[in-house]
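Asker: Structure provided below as structure tokens; questions to follow.
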Amino acid sequence: MNVDNKRRLLLRGTLGVGALAGAGLLAPRGVLAAWSKEAFSADSTEGAMKTLLGGTASASDAVSIKAPDIAENGAVVPITVETAAANVESISVFISNNPSPLAANFVLGAGASGYAATRVKMGKTSDVVAVVKSGGTLQSATKEVKVTIGGCGG
Amino acid sequence: MAKSIKMRASLRGDETTVKALITHAMETGLRKGKDGNKIPAHHITEVTCEHAGKTVMVAQWGPAVSKNPYLAFKFKGAKAGDAVKLSWVDNKGESDSSEAKIK
């Protein structure tokens, strides 16, 4: 995907779905651009990944996750994803054992580096899967985080 | 919802790091309140960052992002003194934005 296309996707994300979807300009490519209710409510990592990114990722050394081995408080688990891959289009974070695994999806613009950090809630001990989309391929890294106190309902 | 964003942008080499803290309940919709009814979901869905009129990053979030969310990312092509704008929208249509100068 070239830079111009990417900018278009991002623009659409900014302006809101209504304005452009009405114009019918960018209909089927909406997976990345619009906030996908379907992907965020999918109940399996694989399902969410397919809905959001259109495929499943293969493990790669190019992606690294920084997260604690043991999280004392599942309500606040810091996660940092870094990648050496060039032309990163998006970085997604999935928590396999959460009710809806997809936690966050960072859509990166032309100048953005392969880096994203946030804090997530984890209901229980789970694999954290980071997926990096670059140049049309999906690469992932997985790390298990043990949770001693859950972040949901507590 | 004024001043819900605390952000900082710093330049190191040619790379700008933006860090932000947003004040938001990030309610998942799965928790039950004191009356036994579920508390409705209320969470940020999109955070957008702009620099020089271009969108640098859009973060799409589900309810699994922690309360009072933190986010950080990096991008290239900015100078010290440039303004970076960050804005968020939640699932109830509330929104806020803030600007910071790159140091």
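Residues are named by chain letter and number: chains run A, B, ... in the order of the structure tokens, numbers start at 1 in each chain, and ligands are numbered from 1 in the order shown.
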For a quick test of understanding: name the residues of chain B lying within 9 Å of chain A when counting only C-alpha atoms, and present them as a ChimeraX atom specification.

Answerer: /B:15,19,28,30-32,45-46,48,54-67,69-77

Asker: For N, CA and C atoms, I'd like the residues from the last selection saved as a short mmCIF file (atom, residue, chain, number, x, y, z; two decimals), in the first residue's frame.

Answerer:
data_model
loop_
_atom_site.label_atom_id
_atom_site.label_comp_id
_atom_site.auth_asym_id
_atom_site.auth_seq_id
_atom_site.Cartn_x
_atom_site.Cartn_y
_atom_site.Cartn_z
N GLU B 15 13.52 11.56 15.90
CA GLU B 15 12.30 10.86 16.29
C GLU B 15 11.59 11.60 17.43
N LYS B 19 3.85 11.07 24.52
CA LYS B 19 3.28 10.30 25.62
C LYS B 19 2.07 11.05 26.12
N THR B 28 -16.09 -1.19 31.12
CA THR B 28 -16.13 -2.25 30.12
C THR B 28 -17.54 -2.66 29.70
N LEU B 30 -19.05 -4.88 31.49
CA LEU B 30 -19.19 -6.22 32.07
C LEU B 30 -19.32 -6.18 33.59
N ARG B 31 -18.94 -5.05 34.17
CA ARG B 31 -18.99 -4.95 35.63
C ARG B 31 -20.41 -4.71 36.11
N LYS B 32 -20.68 -5.20 37.33
CA LYS B 32 -21.99 -4.95 37.90
C LYS B 32 -21.89 -3.88 38.98
N THR B 45 -12.98 5.08 22.06
CA THR B 45 -12.87 4.21 20.90
C THR B 45 -11.72 4.62 19.99
N GLU B 46 -11.50 5.93 19.89
CA GLU B 46 -10.43 6.36 18.99
C GLU B 46 -9.65 7.53 19.55
N THR B 48 -6.72 10.14 18.14
CA THR B 48 -6.08 10.56 16.90
C THR B 48 -4.99 11.57 17.20
N LYS B 54 -1.29 16.50 9.25
CA LYS B 54 -1.34 15.09 8.84
C LYS B 54 -1.63 14.23 10.06
N THR B 55 -2.37 13.16 9.83
CA THR B 55 -2.63 12.24 10.91
C THR B 55 -1.44 11.29 11.05
N VAL B 56 -0.86 11.30 12.21
CA VAL B 56 0.32 10.48 12.44
C VAL B 56 -0.07 9.10 12.94
N MET B 57 -1.11 9.06 13.76
CA MET B 57 -1.49 7.82 14.38
C MET B 57 -2.96 7.86 14.79
N VAL B 58 -3.64 6.74 14.61
CA VAL B 58 -4.99 6.59 15.15
C VAL B 58 -4.98 5.35 16.01
N ALA B 59 -5.30 5.49 17.27
CA ALA B 59 -5.39 4.33 18.14
C ALA B 59 -6.85 3.97 18.29
N GLN B 60 -7.19 2.73 17.95
CA GLN B 60 -8.56 2.25 18.13
C GLN B 60 -8.56 1.36 19.35
N TRP B 61 -9.41 1.70 20.30
CA TRP B 61 -9.39 0.99 21.57
C TRP B 61 -10.69 0.29 21.87
N GLY B 62 -10.55 -0.87 22.51
CA GLY B 62 -11.71 -1.56 23.03
C GLY B 62 -11.79 -1.26 24.52
N PRO B 63 -12.76 -1.84 25.19
CA PRO B 63 -12.91 -1.59 26.63
C PRO B 63 -11.78 -2.19 27.47
N ALA B 64 -10.91 -2.98 26.88
CA ALA B 64 -9.85 -3.62 27.65
C ALA B 64 -8.68 -2.70 27.95
N VAL B 65 -8.71 -1.50 27.43
CA VAL B 65 -7.66 -0.55 27.78
C VAL B 65 -7.96 0.00 29.17
N SER B 66 -6.92 0.12 29.98
CA SER B 66 -7.11 0.48 31.39
C SER B 66 -7.78 1.82 31.60
N LYS B 67 -8.35 1.95 32.79
CA LYS B 67 -8.91 3.22 33.23
C LYS B 67 -7.82 4.29 33.21
N PRO B 69 -6.37 5.93 30.59
CA PRO B 69 -5.39 5.29 29.72
C PRO B 69 -4.11 6.10 29.48
N TYR B 70 -3.07 5.33 29.25
CA TYR B 70 -1.77 5.88 28.90
C TYR B 70 -1.46 5.41 27.49
N LEU B 71 -0.85 6.27 26.70
CA LEU B 71 -0.36 5.76 25.42
C LEU B 71 0.91 6.49 25.03
N ALA B 72 1.73 5.78 24.29
CA ALA B 72 2.97 6.37 23.79
C ALA B 72 3.24 5.84 22.40
N PHE B 73 3.78 6.69 21.57
CA PHE B 73 4.19 6.25 20.24
C PHE B 73 5.25 7.22 19.73
N LYS B 74 5.88 6.84 18.63
CA LYS B 74 6.96 7.65 18.08
C LYS B 74 6.73 7.94 16.61
N PHE B 75 7.19 9.08 16.16
CA PHE B 75 7.14 9.33 14.72
C PHE B 75 8.29 10.24 14.31
N LYS B 76 8.55 10.24 13.00
CA LYS B 76 9.66 11.03 12.47
C LYS B 76 9.13 12.19 11.64
N GLY B 77 9.98 13.17 11.41
CA GLY B 77 9.62 14.25 10.49
C GLY B 77 9.12 15.51 11.17
#

Asker: Let's see if you can do this: from backbone DSSP, list all alpha helix (DSSP H) residues in range 38-77 of chain A, as a ChimeraX atom specification.

Answerer: /A:38-41,45-53

Asker: Write a file of the selected residues as an mmCIF file, in the first residue's frame, keeping C-alpha atoms.

Answerer:
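Okay, out-v7.cif is ready:
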data_model
loop_
_atom_site.group_PDB
_atom_site.id
_atom_site.type_symbol
_atom_site.label_atom_id
_atom_site.label_comp_id
_atom_site.auth_asym_id
_atom_site.auth_seq_id
_atom_site.Cartn_x
_atom_site.Cartn_y
_atom_site.Cartn_z
ATOM 1 C CA GLU A 38 -17.228 -6.723 15.160
ATOM 2 C CA ALA A 39 -13.500 -7.102 15.792
ATOM 3 C CA PHE A 40 -13.681 -5.561 19.240
ATOM 4 C CA SER A 41 -16.506 -7.848 20.290
ATOM 5 C CA THR A 45 -8.083 -14.009 19.240
ATOM 6 C CA GLU A 46 -8.159 -15.653 15.853
ATOM 7 C CA GLY A 47 -11.606 -14.359 15.039
ATOM 8 C CA ALA A 48 -10.742 -10.834 16.067
ATOM 9 C CA MET A 49 -7.523 -10.967 14.082
ATOM 10 C CA LYS A 50 -9.271 -12.150 10.942
ATOM 11 C CA THR A 51 -11.967 -9.508 11.247
ATOM 12 C CA LEU A 52 -9.553 -6.698 11.949
ATOM 13 C CA LEU A 53 -6.570 -7.571 9.808
#

Asker: Record the distance separating CA of Asp14 in chain B and CA of Ile102 in chain B, expressed in Å with one decimal.

Answerer: 11.8 Å

Asker: Neighbours of Ala52 in chain B within 8 Å (only C-alpha atoms; same-chain residues fewer than 5 positions away dropped), as number ranges by chain?

Answerer: B: 82-84

Asker: Env of Ser97 in chain B: 8 Å cut, atoms = only C-alpha atoms, seq-sep filter 2 positions within chain, self excluded. Answer as an MDAnalysis selection string.

Answerer: chainID B and resid 5 85:88 95 99

Asker: Near Ser140 in chain A, within 12 Å and counting only C-alpha atoms, which residues show up once chain neighbours fewer than 4 positions away are dropped, as a list in words?

Answerer: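 Selected residues are Met49, Gly55, Thr56, Ala57, Ser58, Ala59, Ser60, Asp61, Ala62, Val63, Ser64, Ile65, Val81, Glu82, Thr83, Ala85, Ser90, Ile91, Ser92, Val93, Phe94, Val128, Val129, Ala130, Val131, Val132, Lys133 and Ser134 of chain A.
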
Asker: Could you write out the selected residues, including C-alpha atoms, as a short mmCIF file (atom, residue, chain, number, x, y, z; two decimals), in the first residue's frame?

Answerer:
data_model
loop_
_atom_site.label_atom_id
_atom_site.label_comp_id
_atom_site.auth_asym_id
_atom_site.auth_seq_id
_atom_site.Cartn_x
_atom_site.Cartn_y
_atom_site.Cartn_z
CA MET A 49 -7.52 -10.97 14.08
CA GLY A 55 -5.79 -12.96 8.21
CA THR A 56 -3.74 -14.64 10.90
CA ALA A 57 -0.19 -13.73 11.77
CA SER A 58 2.93 -15.85 11.89
CA ALA A 59 5.39 -15.57 14.76
CA SER A 60 8.41 -13.43 14.07
CA ASP A 61 11.53 -12.19 15.83
CA ALA A 62 10.96 -8.77 14.30
CA VAL A 63 8.26 -8.06 16.86
CA SER A 64 8.93 -7.69 20.56
CA ILE A 65 6.55 -7.26 23.47
CA VAL A 81 5.26 -3.31 21.40
CA GLU A 82 8.26 -2.59 19.24
CA THR A 83 9.17 -3.81 15.81
CA ALA A 85 9.91 -3.98 10.45
CA SER A 90 -0.64 -1.05 12.28
CA ILE A 91 0.15 -2.58 15.64
CA SER A 92 -2.58 -4.56 17.40
CA VAL A 93 -2.68 -5.99 20.88
CA PHE A 94 -4.76 -9.07 21.72
CA VAL A 128 -0.61 -11.32 25.09
CA VAL A 129 -0.31 -11.33 21.32
CA ALA A 130 1.06 -8.36 19.42
CA VAL A 131 0.51 -8.28 15.69
CA VAL A 132 2.38 -5.94 13.39
CA LYS A 133 1.10 -5.29 9.91
CA SER A 134 3.75 -4.07 7.51
#

Asker: Can you pull out every residue from range 31-97 of chain B that DSSP, working from the backbone, puts in strand (DSSP E), and format the result as a VMD selection string?

Answerer: chain B and resid 44 to 51 54 to 61 70 to 76 83 to 90 95 to 97

Asker: Mind dumping the selected residues with N, CA and C atoms as a CSV table (one decimal), in the first residue's frame?

Answerer:
chain,number,residue,atom,x,y,z
B,44,ILE,N,-13.2,4.9,25.6
B,44,ILE,CA,-12.7,5.6,24.4
B,44,ILE,C,-12.6,4.7,23.2
B,45,THR,N,-13.0,5.1,22.1
B,45,THR,CA,-12.9,4.2,20.9
B,45,THR,C,-11.7,4.6,20.0
B,46,GLU,N,-11.5,5.9,19.9
B,46,GLU,CA,-10.4,6.4,19.0
B,46,GLU,C,-9.6,7.5,19.6
B,47,VAL,N,-8.3,7.4,19.4
B,47,VAL,CA,-7.5,8.5,19.8
B,47,VAL,C,-6.7,8.9,18.5
B,48,THR,N,-6.7,10.1,18.1
B,48,THR,CA,-6.1,10.6,16.9
B,48,THR,C,-5.0,11.6,17.2
B,49,CYS,N,-3.9,11.4,16.6
B,49,CYS,CA,-2.8,12.4,16.7
B,49,CYS,C,-2.5,13.0,15.4
B,50,GLU,N,-2.4,14.3,15.4
B,50,GLU,CA,-2.1,15.1,14.2
B,50,GLU,C,-0.8,15.9,14.4
B,51,HIS,N,0.0,16.0,13.3
B,51,HIS,CA,1.1,16.9,13.3
B,51,HIS,C,1.1,17.6,11.9
B,54,LYS,N,-1.3,16.5,9.2
B,54,LYS,CA,-1.3,15.1,8.8
B,54,LYS,C,-1.6,14.2,10.1
B,55,THR,N,-2.4,13.2,9.8
B,55,THR,CA,-2.6,12.2,10.9
B,55,THR,C,-1.4,11.3,11.1
B,56,VAL,N,-0.9,11.3,12.2
B,56,VAL,CA,0.3,10.5,12.4
B,56,VAL,C,-0.1,9.1,12.9
B,57,MET,N,-1.1,9.1,13.8
B,57,MET,CA,-1.5,7.8,14.4
B,57,MET,C,-3.0,7.9,14.8
B,58,VAL,N,-3.6,6.7,14.6
B,58,VAL,CA,-5.0,6.6,15.1
B,58,VAL,C,-5.0,5.3,16.0
B,59,ALA,N,-5.3,5.5,17.3
B,59,ALA,CA,-5.4,4.3,18.1
B,59,ALA,C,-6.9,4.0,18.3
B,60,GLN,N,-7.2,2.7,17.9
B,60,GLN,CA,-8.6,2.2,18.1
B,60,GLN,C,-8.6,1.4,19.4
B,61,TRP,N,-9.4,1.7,20.3
B,61,TRP,CA,-9.4,1.0,21.6
B,61,TRP,C,-10.7,0.3,21.9
B,70,TYR,N,-3.1,5.3,29.3
B,70,TYR,CA,-1.8,5.9,28.9
B,70,TYR,C,-1.5,5.4,27.5
B,71,LEU,N,-0.8,6.3,26.7
B,71,LEU,CA,-0.4,5.8,25.4
B,71,LEU,C,0.9,6.5,25.0
B,72,ALA,N,1.7,5.8,24.3
B,72,ALA,CA,3.0,6.4,23.8
B,72,ALA,C,3.2,5.8,22.4
B,73,PHE,N,3.8,6.7,21.6
B,73,PHE,CA,4.2,6.3,20.2
B,73,PHE,C,5.2,7.2,19.7
B,74,LYS,N,5.9,6.8,18.6
B,74,LYS,CA,7.0,7.7,18.1
B,74,LYS,C,6.7,7.9,16.6
B,75,PHE,N,7.2,9.1,16.2
B,75,PHE,CA,7.1,9.3,14.7
B,75,PHE,C,8.3,10.2,14.3
B,76,LYS,N,8.6,10.2,13.0
B,76,LYS,CA,9.7,11.0,12.5
B,76,LYS,C,9.1,12.2,11.6
B,83,ALA,N,3.7,21.9,16.8
B,83,ALA,CA,2.6,21.5,17.6
B,83,ALA,C,2.1,20.1,17.3
B,84,VAL,N,1.7,19.4,18.3
B,84,VAL,CA,1.1,18.1,18.1
B,84,VAL,C,-0.3,18.1,18.7
B,85,LYS,N,-1.2,17.6,18.0
B,85,LYS,CA,-2.6,17.7,18.5
B,85,LYS,C,-3.1,16.3,18.7
B,86,LEU,N,-3.7,16.0,19.9
B,86,LEU,CA,-4.2,14.7,20.2
B,86,LEU,C,-5.7,14.9,20.6
B,87,SER,N,-6.5,14.0,20.0
B,87,SER,CA,-7.9,14.1,20.4
B,87,SER,C,-8.5,12.7,20.5
B,88,TRP,N,-9.5,12.6,21.4
B,88,TRP,CA,-10.2,11.3,21.5
B,88,TRP,C,-11.7,11.4,21.4
B,89,VAL,N,-12.3,10.3,21.1
B,89,VAL,CA,-13.7,10.2,21.0
B,89,VAL,C,-14.1,8.9,21.7
B,90,ASP,N,-15.2,8.9,22.5
B,90,ASP,CA,-15.6,7.7,23.2
B,90,ASP,C,-16.9,7.2,22.6
B,95,SER,N,-15.9,13.9,23.5
B,95,SER,CA,-14.6,14.0,23.0
B,95,SER,C,-13.8,15.1,23.6
B,96,ASP,N,-12.6,15.1,23.4
B,96,ASP,CA,-11.7,16.2,23.9
B,96,ASP,C,-10.4,16.2,23.1
B,97,SER,N,-9.8,17.3,23.1
B,97,SER,CA,-8.5,17.4,22.4
B,97,SER,C,-7.5,18.3,23.1

Asker: For each of B:Ala80, B:Ala41, B:Leu11, B:Ala100, take the minimum atom-to-atom distance to Ala25 in chain B, counting only C-alpha atoms, then give the residue where this is smallest.

Answerer: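 Using only C-alpha atoms, the shortest distance to Ala25 in chain B belongs to B:Ala41.
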